[in-house]
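Just final_23.tsv here, TSV, C-alpha atoms:
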chain	number	residue	atom	x	y	z
A	1	MET	CA	130.44	115.79	73.93
A	2	SER	CA	129.95	112.36	72.50
A	3	ASN	CA	131.39	109.53	74.56
A	4	GLU	CA	130.80	106.95	71.89
A	5	THR	CA	133.84	105.02	70.81
A	6	ALA	CA	135.01	105.39	67.25
A	7	GLY	CA	133.28	103.00	64.92
A	8	SER	CA	130.11	102.76	66.95
A	9	THR	CA	127.35	104.10	64.80
A	10	THR	CA	124.23	102.81	66.52
A	11	ALA	CA	123.19	105.13	69.32
A	12	ALA	CA	121.85	103.34	72.38
A	13	THR	CA	118.57	105.26	72.57
A	14	PRO	CA	115.53	103.32	73.79
A	15	PRO	CA	112.68	102.85	71.33
A	16	ALA	CA	110.54	105.98	71.56
A	17	ASP	CA	107.23	104.13	71.87
A	18	THR	CA	108.11	102.20	75.01
A	19	GLN	CA	109.47	105.01	77.14
A	20	TRP	CA	107.38	107.83	78.56
A	21	ASP	CA	108.57	111.42	78.61
A	22	LEU	CA	110.94	112.53	81.32
A	23	TRP	CA	109.97	115.25	83.82
A	24	GLU	CA	112.18	117.01	86.35
A	25	VAL	CA	110.85	117.26	89.88
A	26	PHE	CA	111.42	120.13	92.32
A	27	THR	CA	110.34	119.90	95.95
A	28	GLN	CA	109.87	122.59	98.56
A	29	GLU	CA	110.35	121.45	102.15
A	30	GLY	CA	108.85	124.41	103.96
A	31	GLU	CA	107.10	127.68	103.33
A	32	GLY	CA	109.60	130.24	102.04
A	33	ALA	CA	112.24	127.61	101.28
A	34	PRO	CA	113.45	127.25	97.70
A	35	HIS	CA	112.14	124.56	95.39
A	36	GLU	CA	115.09	122.25	94.96
A	37	HIS	CA	115.73	119.68	92.28
A	38	ALA	CA	114.83	116.25	93.65
A	39	GLY	CA	115.19	114.04	90.58
A	40	SER	CA	113.09	112.97	87.63
A	41	VAL	CA	110.12	110.76	86.78
A	42	HIS	CA	108.61	109.25	83.65
A	43	ALA	CA	105.04	110.26	82.85
A	44	THR	CA	102.60	110.74	80.00
A	45	THR	CA	100.87	113.97	81.07
A	46	ALA	CA	101.40	116.83	83.51
A	47	GLU	CA	98.87	115.34	85.95
A	48	HIS	CA	100.51	111.95	85.67
A	49	ALA	CA	103.92	113.54	86.25
A	50	MET	CA	102.59	115.34	89.33
A	51	GLN	CA	101.24	112.08	90.77
A	52	ASN	CA	104.43	110.15	90.07
A	53	ALA	CA	106.49	112.98	91.59
A	54	ARG	CA	104.31	112.85	94.67
A	55	ASP	CA	104.64	109.09	95.00
A	56	VAL	CA	108.37	108.94	94.39
A	57	TYR	CA	109.62	112.11	96.09
A	58	ALA	CA	106.96	113.31	98.54
A	59	ARG	CA	105.75	110.12	100.17
A	60	ARG	CA	107.91	110.42	103.26
A	61	GLY	CA	106.67	113.79	104.44
A	62	LYS	CA	108.20	117.25	104.75
A	63	VAL	CA	107.33	118.37	101.21
A	64	VAL	CA	104.82	121.24	101.04
A	65	SER	CA	104.94	122.02	97.32
A	66	LEU	CA	105.92	120.28	94.08
A	67	TRP	CA	106.96	121.53	90.67
A	68	VAL	CA	107.23	119.26	87.65
A	69	VAL	CA	108.82	120.50	84.43
A	70	PRO	CA	109.28	118.68	81.12
A	71	THR	CA	112.96	117.80	80.95
A	72	THR	CA	113.04	119.15	77.41
A	73	ALA	CA	112.20	122.62	78.79
A	74	ILE	CA	115.50	122.75	80.69
A	75	ILE	CA	118.26	124.64	78.90
A	76	ALA	CA	121.55	123.30	80.23
A	77	SER	CA	124.98	124.84	79.91
A	78	ALA	CA	127.40	122.79	77.86
A	79	PRO	CA	130.29	121.20	79.77
A	80	SER	CA	132.65	122.75	77.22
A	81	ASP	CA	131.41	126.20	78.29
A	82	ALA	CA	132.33	125.62	81.93
A	83	GLY	CA	135.59	127.58	81.57
A	84	PRO	CA	134.23	130.79	80.04
A	85	LEU	CA	131.07	130.72	82.14
A	86	PHE	CA	132.34	129.90	85.60
A	87	ASP	CA	136.12	130.27	85.95
A	88	PRO	CA	136.23	134.12	85.94
A	89	ALA	CA	134.37	134.18	89.23
A	90	ASN	CA	137.07	132.30	91.11
A	91	ASP	CA	139.81	134.94	91.23
A	92	LYS	CA	137.72	138.05	91.89
A	93	ALA	CA	137.33	138.01	95.62
A	94	TYR	CA	135.79	141.47	95.57
A	95	ARG	CA	132.71	139.96	94.01
A	96	HIS	CA	132.15	137.75	97.00
A	97	PRO	CA	129.80	138.90	99.70
A	98	GLN	CA	131.89	137.97	102.73
A	99	PHE	CA	133.02	141.60	103.21
A	100	TYR	CA	129.56	142.48	104.37
A	101	LYS	CA	128.48	141.98	107.92
A	102	VAL	CA	125.25	140.00	108.03
A	103	PRO	CA	122.90	141.43	110.64
A	104	ARG	CA	122.17	139.10	113.49
A	105	GLY	CA	118.83	137.41	113.12
A	106	VAL	CA	119.02	137.02	109.36
A	107	ARG	CA	118.42	133.43	108.44
A	108	GLY	CA	118.86	131.44	105.27
A	109	MET	CA	121.99	133.25	104.06
B	1	MET	CA	100.53	94.47	111.22
B	2	THR	CA	102.18	96.07	114.21
B	3	ALA	CA	104.67	93.30	114.78
B	4	GLY	CA	107.53	95.74	114.32
B	5	LYS	CA	106.42	97.80	117.29
B	6	ARG	CA	105.61	94.89	119.58
B	7	LYS	CA	107.77	94.83	122.69
B	8	THR	CA	109.45	91.53	123.44
B	9	GLY	CA	110.51	92.34	126.99
B	10	ASP	CA	107.63	90.48	128.60
B	11	GLY	CA	108.94	87.15	127.40
B	12	ASN	CA	106.78	84.13	126.81
B	13	GLY	CA	103.93	85.24	129.01
B	14	ALA	CA	102.89	88.11	126.78
B	15	SER	CA	103.26	85.98	123.72
B	16	ALA	CA	101.03	83.24	125.16
B	17	ASP	CA	98.35	85.80	126.08
B	18	TRP	CA	98.41	87.12	122.60
B	19	VAL	CA	97.96	83.69	121.07
B	20	ALA	CA	95.07	82.92	123.41
B	21	GLY	CA	93.38	86.16	122.40
B	22	ALA	CA	93.99	85.28	118.81
B	23	ARG	CA	92.06	82.04	118.90
B	24	PRO	CA	88.74	82.50	117.13
B	25	SER	CA	85.79	81.98	119.41
B	26	THR	CA	83.96	79.91	116.83
B	27	ALA	CA	84.74	78.06	113.64
B	28	THR	CA	81.66	79.36	111.83
B	29	SER	CA	81.10	82.78	110.34
B	30	GLY	CA	79.68	83.57	113.80
B	31	ILE	CA	78.04	86.88	113.05
B	32	SER	CA	78.31	88.92	116.23
B	33	ASP	CA	75.23	90.49	117.80
B	34	ASN	CA	77.19	93.74	118.10
B	35	PRO	CA	76.43	95.71	114.91
B	36	PHE	CA	79.18	98.26	115.53
B	37	PHE	CA	81.77	95.47	115.76
B	38	GLU	CA	80.46	93.89	112.56
B	39	HIS	CA	80.45	97.27	110.81
B	40	LEU	CA	84.07	97.91	111.84
B	41	LEU	CA	85.09	94.48	110.55
B	42	ARG	CA	83.56	95.31	107.17
B	43	LEU	CA	85.48	98.58	107.05
B	44	GLY	CA	88.72	97.05	108.23
B	45	ASP	CA	88.56	93.90	106.10
B	46	ASP	CA	87.89	95.82	102.87
B	47	ARG	CA	91.12	97.68	103.42
B	48	LEU	CA	93.17	94.77	104.68
B	49	VAL	CA	92.25	92.54	101.74
B	50	LEU	CA	92.59	95.21	99.05
B	51	GLY	CA	95.84	96.41	100.61
B	52	HIS	CA	97.25	92.88	100.46
B	53	ARG	CA	96.11	92.44	96.86
B	54	LEU	CA	97.86	95.67	95.86
B	55	SER	CA	101.00	94.65	97.72
B	56	GLU	CA	101.21	91.64	95.39
B	57	TRP	CA	102.18	94.10	92.65
B	58	CYS	CA	105.32	95.14	94.53
B	59	GLY	CA	108.22	94.53	92.18
B	60	HIS	CA	105.91	93.60	89.29
B	61	ALA	CA	104.20	96.85	88.23
B	62	PRO	CA	104.67	97.96	84.62
B	63	ILE	CA	106.95	100.88	85.51
B	64	LEU	CA	108.98	101.85	88.56
B	65	GLU	CA	106.92	104.95	89.38
B	66	GLU	CA	103.68	102.94	89.36
B	67	ASP	CA	105.26	100.18	91.42
B	68	ILE	CA	105.97	102.75	94.13
B	69	ALA	CA	102.50	104.30	93.76
B	70	LEU	CA	100.72	100.96	94.22
B	71	ALA	CA	102.90	100.10	97.21
B	72	ASN	CA	102.07	103.50	98.74
B	73	ILE	CA	98.35	102.91	98.33
B	74	ALA	CA	98.70	99.38	99.73
B	75	LEU	CA	100.46	100.75	102.80
B	76	ASP	CA	97.79	103.43	103.27
B	77	LEU	CA	95.06	100.78	103.17
B	78	ILE	CA	96.86	98.38	105.51
B	79	GLY	CA	97.48	101.25	107.92
B	80	GLN	CA	93.78	102.10	107.90
B	81	ALA	CA	92.91	98.43	108.40
B	82	SER	CA	95.23	98.26	111.38
B	83	LEU	CA	93.48	101.20	113.10
B	84	LEU	CA	89.98	99.96	112.27
B	85	LEU	CA	90.63	96.38	113.40
B	86	LYS	CA	92.25	97.63	116.60
B	87	LEU	CA	89.09	99.58	117.33
B	88	ALA	CA	86.99	96.56	116.36
B	89	GLY	CA	88.89	94.42	118.86
B	90	GLU	CA	88.29	96.99	121.60
B	91	VAL	CA	84.61	97.22	120.75
B	92	GLU	CA	84.29	93.43	120.79
B	93	GLY	CA	85.89	93.34	124.24
B	94	LYS	CA	87.30	89.81	124.00
B	95	GLY	CA	90.94	90.77	123.99
B	96	ARG	CA	91.54	90.33	120.29
B	97	SER	CA	94.19	92.68	118.90
B	98	GLU	CA	94.29	93.93	115.31
B	99	ASP	CA	96.85	91.23	114.56
B	100	ALA	CA	94.62	88.53	116.01
B	101	LEU	CA	91.77	89.73	113.81
B	102	ALA	CA	93.92	90.04	110.69
B	103	TYR	CA	95.88	86.82	110.94
B	104	PHE	CA	93.82	84.39	112.98
B	105	ARG	CA	90.43	84.52	111.35
B	106	ASP	CA	89.55	82.20	108.48
B	107	ALA	CA	87.94	83.31	105.23
B	108	ILE	CA	84.43	82.64	106.49
B	109	GLU	CA	85.00	85.16	109.29
B	110	PHE	CA	86.07	87.95	106.93
B	111	ARG	CA	83.53	90.66	106.17
B	112	ASN	CA	85.05	92.36	103.13
B	113	ALA	CA	83.09	92.86	99.93
B	114	GLN	CA	83.92	90.28	97.28
B	115	LEU	CA	85.12	93.01	94.90
B	116	VAL	CA	88.36	93.57	96.82
B	117	GLU	CA	89.34	89.90	97.13
B	118	LEU	CA	89.29	89.21	93.38
B	119	PRO	CA	92.71	88.44	91.89
B	120	ASN	CA	94.74	91.29	90.43
B	121	GLY	CA	94.40	90.06	86.85
B	122	ASP	CA	96.16	92.38	84.41
B	123	PHE	CA	97.02	95.99	85.23
B	124	ALA	CA	93.67	97.20	83.85
B	125	MET	CA	91.80	94.84	86.18
B	126	THR	CA	93.74	96.15	89.18
B	127	ILE	CA	93.13	99.79	88.22
B	128	VAL	CA	89.42	99.37	87.50
B	129	ARG	CA	88.89	97.48	90.77
B	130	GLN	CA	90.76	100.22	92.61
B	131	PHE	CA	88.80	102.99	90.90
B	132	LEU	CA	85.40	101.44	91.64
B	133	PHE	CA	86.41	100.96	95.28
B	134	ASP	CA	88.06	104.39	95.70
B	135	ALA	CA	84.99	106.26	94.46
B	136	TRP	CA	82.90	104.36	97.04
B	137	ASP	CA	85.52	104.69	99.76
B	138	VAL	CA	85.66	108.49	99.57
B	139	LEU	CA	81.88	108.68	100.05
B	140	MET	CA	82.04	106.21	102.96
B	141	LEU	CA	84.81	108.09	104.74
B	142	GLU	CA	83.10	111.46	104.28
B	143	ARG	CA	80.16	110.05	106.23
B	144	LEU	CA	82.29	108.25	108.81
B	145	ALA	CA	84.31	111.39	109.54
B	146	ALA	CA	81.14	112.63	111.26
B	147	ALA	CA	80.67	109.45	113.31
B	148	THR	CA	79.67	109.86	116.96
B	149	ASN	CA	82.44	107.47	117.97
B	150	LYS	CA	85.38	109.89	118.12
B	151	THR	CA	88.02	107.26	117.40
B	152	LEU	CA	86.23	106.14	114.26
B	153	ALA	CA	85.67	109.76	113.19
B	154	GLY	CA	89.39	110.44	113.64
B	155	ILE	CA	90.44	107.38	111.65
B	156	ALA	CA	88.00	108.31	108.87
B	157	ALA	CA	89.19	111.92	108.69
B	158	LYS	CA	92.79	110.77	108.31
B	159	ALA	CA	91.89	108.04	105.82
B	160	LEU	CA	89.78	110.43	103.76
B	161	LYS	CA	92.84	112.46	102.75
B	162	GLU	CA	94.53	109.27	101.59
B	163	ALA	CA	91.40	108.01	99.79
B	164	ARG	CA	91.03	111.26	97.85
B	165	TYR	CA	94.52	110.81	96.52
B	166	HIS	CA	93.85	107.14	95.72
B	167	LEU	CA	90.81	108.21	93.69
B	168	ARG	CA	92.76	110.91	91.89
B	169	HIS	CA	95.37	108.29	90.99
B	170	SER	CA	93.00	105.55	89.85
B	171	ALA	CA	90.71	107.97	87.97
B	172	GLU	CA	93.69	109.35	86.04
B	173	TRP	CA	94.67	105.79	85.11
B	174	MET	CA	91.09	105.06	84.01
B	175	ARG	CA	91.36	107.95	81.54
B	176	MET	CA	94.81	106.91	80.37
B	177	LEU	CA	93.82	103.29	79.82
B	178	GLY	CA	90.34	103.91	78.43
B	179	ASP	CA	91.41	106.76	76.18
B	180	GLY	CA	94.81	105.26	75.39
B	181	THR	CA	95.62	102.63	72.78
B	182	PRO	CA	93.10	100.15	71.30
B	183	GLU	CA	94.75	97.47	73.45
B	184	SER	CA	94.48	99.45	76.71
B	185	HIS	CA	90.90	100.44	75.87
B	186	ARG	CA	89.92	96.82	75.22
B	187	ARG	CA	91.48	95.62	78.46
B	188	ALA	CA	89.95	98.44	80.53
B	189	GLN	CA	86.48	97.76	79.12
B	190	ARG	CA	86.84	94.03	79.75
B	191	ALA	CA	87.88	94.71	83.35
B	192	LEU	CA	84.98	97.08	83.85
B	193	ASP	CA	82.53	94.52	82.44
B	194	ASP	CA	83.96	91.77	84.67
B	195	LEU	CA	84.04	93.83	87.87
B	196	TRP	CA	80.86	95.87	87.56
B	197	PRO	CA	78.57	93.14	88.97
B	198	TYR	CA	80.64	93.01	92.17
B	199	THR	CA	79.97	96.69	92.93
B	200	ALA	CA	76.31	95.97	93.75
B	201	GLU	CA	77.32	94.45	97.07
B	202	LEU	CA	78.84	97.76	98.19
B	203	PHE	CA	75.36	99.29	98.30
B	204	ILE	CA	73.34	96.57	99.98
B	205	THR	CA	72.25	97.79	103.40
B	206	ASP	CA	71.39	95.15	105.98
B	207	ASP	CA	70.51	95.26	109.67
B	208	VAL	CA	74.16	95.65	110.67
B	209	ASP	CA	74.53	98.82	108.60
B	210	ARG	CA	71.13	100.11	109.64
B	211	GLN	CA	71.76	99.67	113.35
B	212	ALA	CA	75.30	101.05	113.21
B	213	ALA	CA	74.05	104.04	111.21
B	214	ALA	CA	71.16	104.61	113.59
B	215	ALA	CA	73.64	104.69	116.48
B	216	GLY	CA	75.61	107.38	114.63
B	217	SER	CA	78.73	105.33	113.87
B	218	GLY	CA	78.01	103.60	110.61
B	219	VAL	CA	76.81	104.19	107.08
B	220	ASP	CA	73.56	103.13	105.47
B	221	VAL	CA	75.46	102.21	102.31
B	222	GLU	CA	72.38	102.19	100.09
B	223	THR	CA	72.25	105.99	100.38
B	224	LEU	CA	75.65	106.29	98.67
B	225	ARG	CA	74.59	104.64	95.42
B	226	ASP	CA	73.45	107.73	93.48
B	227	SER	CA	76.50	109.84	94.36
B	228	TRP	CA	78.79	106.94	93.50
B	229	ARG	CA	77.06	106.31	90.22
B	230	GLU	CA	77.40	109.96	89.28
B	231	SER	CA	81.06	110.07	90.27
B	232	VAL	CA	82.12	106.92	88.39
B	233	THR	CA	80.00	107.71	85.34
B	234	ARG	CA	81.80	111.00	84.82
B	235	VAL	CA	85.21	109.33	84.75
B	236	ILE	CA	84.07	106.32	82.73
B	237	VAL	CA	82.65	108.63	80.06
B	238	GLU	CA	85.84	110.71	80.02
B	239	ALA	CA	87.73	107.47	79.61
B	240	THR	CA	85.58	106.72	76.51
B	241	LEU	CA	84.42	103.49	78.16
B	242	ALA	CA	80.88	102.13	78.28
B	243	ILE	CA	79.00	101.60	81.53
B	244	PRO	CA	78.03	97.93	81.77
B	245	LYS	CA	74.41	96.92	82.19
B	246	ASP	CA	73.25	95.97	85.66
B	247	GLY	CA	72.31	92.34	86.05
B	248	PHE	CA	73.86	89.40	87.85
B	249	ALA	CA	75.08	90.71	91.21
B	250	PRO	CA	77.05	88.36	93.45
B	251	ARG	CA	76.90	89.09	97.17
B	252	GLY	CA	77.70	87.52	100.52
B	253	GLY	CA	81.09	88.91	101.51
B	254	ARG	CA	79.56	90.98	104.30
B	255	THR	CA	78.30	87.83	106.00
B	256	GLY	CA	81.35	85.67	105.35
B	257	ARG	CA	80.49	84.08	102.00
B	258	HIS	CA	83.44	84.64	99.74
B	259	THR	CA	84.82	83.62	96.38
B	260	GLU	CA	87.37	80.82	96.24
B	261	HIS	CA	90.08	83.46	95.87
B	262	LEU	CA	90.00	84.82	99.42
B	263	GLY	CA	91.05	81.59	101.10
B	264	ARG	CA	94.13	81.28	98.91
B	265	MET	CA	95.05	84.89	99.50
B	266	LEU	CA	94.71	84.48	103.26
B	267	ALA	CA	96.81	81.31	103.20
B	268	ASP	CA	99.60	83.43	101.81
B	269	MET	CA	98.93	86.49	103.98
B	270	GLN	CA	98.52	84.62	107.26
B	271	SER	CA	101.11	81.84	106.94
B	272	LEU	CA	103.94	83.70	108.64
B	273	ALA	CA	101.89	84.94	111.59
B	274	ARG	CA	100.44	81.47	112.10
B	275	ALA	CA	103.79	79.71	111.85
B	276	HIS	CA	105.32	82.10	114.39
B	277	PRO	CA	102.51	83.46	116.59
B	278	GLY	CA	103.48	86.64	118.40
B	279	ALA	CA	106.82	86.90	116.61
B	280	SER	CA	108.38	90.33	116.38
B	281	TRP	CA	110.84	91.72	113.90

Please express the file's structure as structure tokens.
Amino acid sequence: MSNETAGSTTAATPPADTQWDLWEVFTQEGEGAPHEHAGSVHATTAEHAMQNARDVYARRGKVVSLWVVPTTAIIASAPSDAGPLFDPANDKAYRHPQFYKVPRGVRGM
Amino acid sequence: MTAGKRKTGDGNGASADWVAGARPSTATSGISDNPFFEHLLRLGDDRLVLGHRLSEWCGHAPILEEDIALANIALDLIGQASLLLKLAGEVEGKGRSEDALAYFRDAIEFRNAQLVELPNGDFAMTIVRQFLFDAWDVLMLERLAAATNKTLAGIAAKALKEARYHLRHSAEWMRMLGDGTPESHRRAQRALDDLWPYTAELFITDDVDRQAAAAGSGVDVETLRDSWRESVTRVIVEATLAIPKDGFAPRGGRTGRHTEHLGRMLADMQSLARAHPGASW
């Protein structure tokens, strides 16, 4: 997964003491709507992260709820696993839900 | 402040009217005999001046997120100032718009407390100034939300939501700076010591406040002192900072006597409007 060119041994990580922790921000734009990933902010505490998330992602209205999560709490799938994890779904049409008729009046499908 | 919304269709006539209305009626501090007008100027000018000071941080704050936060608060305050000065102009009844009041008065005609005109200093100075003001502002707006003048009550109710967030933001920063590193603690304490004397003016009630309060649309600011003291003490203690001793207490902003800093700030803030009166964008 490393993109570093051969021979480069010094990783370009910022000094730990000058950069605050990263938090992922999720915003909900209406009651019943899903919380969707909006982006990330730097912050020192959960309260600080909440305030920064509010100022960066909720200042132009619409948002009714915010989640902030330490980025380190996110478990991400590895790009190298994309094949085994996701490809099998593509050629099994019977797994797809389009064979079902969605009743009229159902929203958000 | 509302230049963006100003219609230009009326041509030069409208522009000339606006400039005429903008001309101050007197070159002195000219304290009006209308206490409600004076009270509204105090409320509006506090916000206009502090909002402009905060806007000076735009592009210079220590981190992107805080840059946006300070700009948000500045915009909230300038928005409140716009509404309050518009109402003040209507109450005065001399045809002065909020823009005329914001951009065509000189320092001696401003009624803001001296606390909000002080230079930004370092980040700690800006945060401590904001915190001391926010804690007072929330108490003011709670009272004003019950004003008999419905327009003022409406403005206050809207502004109160914003002010509560401002206080939450500045109080959190007080704790982070005071209870942070030795350097941040030292700077926060120095800012608190420097700014504390200027808070006294926020609680000096004069005839203007008394008469506006008696008419149901103003605050007898002296009655806010105990609640404010309690509210700021809690945060200052949590921030491991020491409350400065009361002593020297400069005053005068409410009657037009300001520090040397306000004039320079206004020169910057008003230069565009004065160079191009009535311009729209």

Residues of chain B within 8 Å of chain A, using only C-alpha atoms, as a compact mmCIF listing (two decimals) with C-alpha atoms, keeping the file's coordinate frame?
# COMPACT_ATOMS: atom_id res chain seq x y z
CA GLU B 65 106.92 104.95 89.38
CA GLU B 66 103.68 102.94 89.36
CA ILE B 68 105.97 102.75 94.13
CA ALA B 69 102.50 104.30 93.76
CA ASN B 72 102.07 103.50 98.74
CA HIS B 169 95.37 108.29 90.99
CA GLU B 172 93.69 109.35 86.04

Point to revise | Shell of 8 Å around region 211-225 of chain B, all atoms listed in the file, local chain residues under 4 positions omitted, as a list in words | key: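 Near region 211-225 of chain B, the qualifying residues are Pro35, Phe36, His39, Trp136, Leu139, Met140, Arg143, Leu144, Ala147, Thr148, Asn149, Leu152, Leu202, Phe203, Ile204, Thr205, Asp207 and Arg229 of chain B.
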
Could you write out that same residue set with C-alpha atoms as an mmCIF file, keeping the file's coordinate frame?
data_model
loop_
_atom_site.group_PDB
_atom_site.id
_atom_site.type_symbol
_atom_site.label_atom_id
_atom_site.label_comp_id
_atom_site.auth_asym_id
_atom_site.auth_seq_id
_atom_site.Cartn_x
_atom_site.Cartn_y
_atom_site.Cartn_z
ATOM 1 C CA PRO B 35 76.430 95.710 114.910
ATOM 2 C CA PHE B 36 79.180 98.260 115.530
ATOM 3 C CA HIS B 39 80.450 97.270 110.810
ATOM 4 C CA TRP B 136 82.900 104.360 97.040
ATOM 5 C CA LEU B 139 81.880 108.680 100.050
ATOM 6 C CA MET B 140 82.040 106.210 102.960
ATOM 7 C CA ARG B 143 80.160 110.050 106.230
ATOM 8 C CA LEU B 144 82.290 108.250 108.810
ATOM 9 C CA ALA B 147 80.670 109.450 113.310
ATOM 10 C CA THR B 148 79.670 109.860 116.960
ATOM 11 C CA ASN B 149 82.440 107.470 117.970
ATOM 12 C CA LEU B 152 86.230 106.140 114.260
ATOM 13 C CA LEU B 202 78.840 97.760 98.190
ATOM 14 C CA PHE B 203 75.360 99.290 98.300
ATOM 15 C CA ILE B 204 73.340 96.570 99.980
ATOM 16 C CA THR B 205 72.250 97.790 103.400
ATOM 17 C CA ASP B 207 70.510 95.260 109.670
ATOM 18 C CA ARG B 229 77.060 106.310 90.220
#

Exercise for review: Give me the residues within 7 Å of region 64-72 of chain A as a ChimeraX atom specification, counting all atoms listed in the file and dropping any in the same chain fewer than 4 places off.
Suggested key: /A:22-30,49-50

Practice item. Could you tell me how far CA of Gly247 (chain B) lies from CA of Ala188 (chain B), in Å and to one decimal? Key: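 One can read the CA of Gly247 (chain B) to CA of Ala188 (chain B) distance as 19.5 Å.
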
**Study point:** Exercise: residues within 6 Å of coordinate (100.8, 97.0, 99.2), counting only C-alpha atoms, as a PyMOL selection string
**Key:** chain B and resi 51-52+54-55+71+74-75

**Study point:** Nearby residues, (81.8, 94.9, 96.6) file frame, 9 Å, all atoms listed in the file, as a PyMOL selection string
**Key:** chain B and resi 46+112-116+132-133+197-203+250-251+253-254

Point to revise | Option closest in space to Gly180 (chain B), from B:Ala81, B:Lys94, B:Gly256, B:Ala239 [counting all atoms listed in the file] | key: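 Under the stated criterion, the closest residue is B:Ala239.
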
Review point. At what distance in Å, to one decimal, does CA of Leu167 (chain B) lie from CA of His185 (chain B)?
Key: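 So the answer is 19.4 Å.
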
**Study point:** Atom-to-atom span, CA of Met265 (chain B) and CA of Asp67 (chain B), Å
**Key:** 20.1 Å

Check your understanding: Using only C-alpha atoms, which of the listed residues (B:Met176, B:Ala273, B:Ile155, B:Leu118) sits closest to Glu260 (chain B)?
Key ->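 Ranking B:Met176, B:Ala273, B:Ile155, B:Leu118 by distance to Glu260 (chain B), first place goes to B:Leu118.
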
Produce the centre coordinates and the three edge lengths, each in Å to one decimal, of the box along x, y and z that contains all listed atoms of region 52-55 of chain A with 8 Å added on each side, as AutoDock Vina command-line options.
--center_x 105.4 --center_y 111.0 --center_z 92.5 --size_x 18.2 --size_y 19.9 --size_z 20.9

Point to revise | Non-local contacts of Met269 (chain B) (12 Å; all atoms listed in the file; under 2 positions in same chain excluded) as a VMD selection string | key: chain B and resid 1 48 to 53 55 to 56 99 102 to 107 262 to 267 271 to 275

Resulting file, chosen residues, C-alpha atoms, as an mmCIF file, keeping the file's coordinate frame:
data_model
loop_
_atom_site.group_PDB
_atom_site.id
_atom_site.type_symbol
_atom_site.label_atom_id
_atom_site.label_comp_id
_atom_site.auth_asym_id
_atom_site.auth_seq_id
_atom_site.Cartn_x
_atom_site.Cartn_y
_atom_site.Cartn_z
ATOM 1 C CA MET B 1 100.530 94.470 111.220
ATOM 2 C CA LEU B 48 93.170 94.770 104.680
ATOM 3 C CA VAL B 49 92.250 92.540 101.740
ATOM 4 C CA LEU B 50 92.590 95.210 99.050
ATOM 5 C CA GLY B 51 95.840 96.410 100.610
ATOM 6 C CA HIS B 52 97.250 92.880 100.460
ATOM 7 C CA ARG B 53 96.110 92.440 96.860
ATOM 8 C CA SER B 55 101.000 94.650 97.720
ATOM 9 C CA GLU B 56 101.210 91.640 95.390
ATOM 10 C CA ASP B 99 96.850 91.230 114.560
ATOM 11 C CA ALA B 102 93.920 90.040 110.690
ATOM 12 C CA TYR B 103 95.880 86.820 110.940
ATOM 13 C CA PHE B 104 93.820 84.390 112.980
ATOM 14 C CA ARG B 105 90.430 84.520 111.350
ATOM 15 C CA ASP B 106 89.550 82.200 108.480
ATOM 16 C CA ALA B 107 87.940 83.310 105.230
ATOM 17 C CA LEU B 262 90.000 84.820 99.420
ATOM 18 C CA GLY B 263 91.050 81.590 101.100
ATOM 19 C CA ARG B 264 94.130 81.280 98.910
ATOM 20 C CA MET B 265 95.050 84.890 99.500
ATOM 21 C CA LEU B 266 94.710 84.480 103.260
ATOM 22 C CA ALA B 267 96.810 81.310 103.200
ATOM 23 C CA SER B 271 101.110 81.840 106.940
ATOM 24 C CA LEU B 272 103.940 83.700 108.640
ATOM 25 C CA ALA B 273 101.890 84.940 111.590
ATOM 26 C CA ARG B 274 100.440 81.470 112.100
ATOM 27 C CA ALA B 275 103.790 79.710 111.850
#
